[in-house]
Amino acid sequence: MVAYLKAFRFQNLIFMLLCIYLMRYCIISPAIKLYGLNLQLSFFDFNLLAFALVLIAGGGYLINDYFDLKIDRINKPEKMIVGNLIPRKNAIKTHIFINLFALLTSSYALYNNQSLNYFSIYLISIGLLWFYSTTYKHMLLIGNLIISLLIGLVPLVVSMIELKLISEHNFDYLNLNQLSLVPVFMWILGFSFFAFWLNLSREIIKDMADFKGDAYAGSNSLVVSYGINKSKWLVYALYCIAIVVLFYIYIKFLNDNQTLYYLLLVIVFPILYAIYLLKSAHTRKDFLTISSINKFVLLSGMLYAFIFYSKLS
C-alpha cells in the first residue's frame with residue numbers, strides 16, 4: 001500500500017484536493033452568500049466529482065512511471081517504484097481500475113445534477129494522461145503544456161459545475177436583481193491560470209533535472225532540443241510575467257496591504273530566489289531544489305483563497 005501511495009504522488013493528490021475545496025468553500029461559497037445564494041452540489045456529489053479528478057491524476061502518475069522505466073533507471077534509480085516495488089502488470093491493472101472507478105463515480109454525480117456534458121472533461125483527461133506518457137511528453141513543449149493545462153483544470157472543473165447549477169437554479173432571481181456570477185468565475189479562472197503558469201515553469205525545470213535520462217531515451221523535450229541555458233531563459237520569462245501580472249491584478253482590483261504583504265512574502269520573493277538559484281544551477285539536485293520552491297509558490301498562490309475568504313467574511 002505504501003508503494004502505491006508513493007507511485008500516486010500522494011502529497012500531490014492532497015494538494016489537488018485542497019485546491020478544489022478552497023475554490024468551493026473559500027471563493028464560491030462566501031461570494032454567493034453576498035447575493036443571498038447557496039451552494040447547489042450536495043456534499044456527497046461534490047466529493048465524488050473531486051475524488052474522481054484526484055483518482056485520474058493518481059492513475060496518470062502511475063502510468064507515467066509504467067512507461068518511464070528506461071528514463072527513471074538513469075535519472076532516479078533509487079526511487080523507482082514501478083518495476084521494483086510494484087510489478088508492471090499490477091501497475092497497468094491498477095491504472096485501469098481506478099480510472100474506471102473515477103468515470104463511474106463522476107458520471108453518477110453528473111447525472112444526479114443534469115450535467116453529463118462535463119463527463120467529457122474526465123474522459124479526455126484520462127486519454128491525455130495516457131498519450132502524454134506514451135507520446136506527448138517526448139514532443140517539444142507539448143507534454144509540458146498538456147500537464148500544465150490539466151493542473152490548471154483542477155481548481156476549475158468542479159467549480160464550473162457548481163456555478164452552472166447555481167446559475168440555473170437561481171436564474172430568475174439573478175436576472176431580477178441584475179446579479180452576475182461572472183466575477184466569481186473570473187476569480188476561479190485566475191487561480192486556475194496561476195496554477196497552469198507556475199506548473200509550466202516547474203515542468204521545464206523538472207526537464208532540466210531529467211536531462212540525462214530524457215536525452216538517452218531520445219526525448220525531444222525543450223531542454224534536450226535547445227539546451228539547459230536557453231531553457232533557463234524561458235523560465236526567467238515565465239517567472240517575470242507571473243510577477244508583472246500579479247502586480248497588475250493587485251493594483252487594478254485589490255490594492256490592500258494584506259494582499260501586498262502576502263504576495264511579496266510567499267510568492268514574489270520566493271520566485272526571485274528561484275531565479276537567483278537557477279542562474280547557477282547545473283546539477284539534478286540544484287534543479288529539484290528550484291522545483292520545490294516553485295511548488296511552494298504554487299501552493300501559496302492557492303492558499304490566497306483564505307485571504308479572499310477573510311476579506312468577504
# chains A, B, ... in the order shown; residues from 1 in each chain; ligands from 1

call {"tool": "select_by_dssp", "arguments": {"residues": "range 19-126 of chain A", "states": "alpha helix (DSSP H)", "output": "PyMOL selection string"}}
result
chain A and resi 19-22+29-33+43-67+69-75+88-112+119-126

call {"tool": "residues_around", "arguments": {"residues": "Ala3 in chain A", "least_positions_apart": "6", "cutoff": "9 Å", "atoms": "only C-alpha atoms", "output": "PyMOL selection string"}}
result
chain A and resi 81-82+85-86

call {"tool": "closest_residue", "arguments": {"among": "A:Ser280, A:Gln178, A:Thr259, A:Asn220", "to": "Phe306 in chain A", "atoms": "only C-alpha atoms"}}
result
A:Thr259

call {"tool": "atom_distance", "arguments": {"atom1": "CA of Ala109 in chain A", "atom2": "CA of Leu153 in chain A"}}
result
18.2 Å

call {"tool": "residues_around", "arguments": {"residues": "range 222-235 of chain A", "least_positions_apart": "6", "cutoff": "12 Å", "atoms": "only C-alpha atoms", "output": "JSON, numbers by chain"}}
result
{"A": [137, 138, 139, 140, 141, 142, 143, 144, 145, 197, 198, 199, 200, 201, 202, 203, 204, 205, 206, 207, 208, 209, 210, 211, 212, 213, 214, 215, 216, 241, 242, 271, 272, 274, 275, 276, 277, 278, 279, 280, 281, 282, 283, 284, 287, 290, 291, 294]}
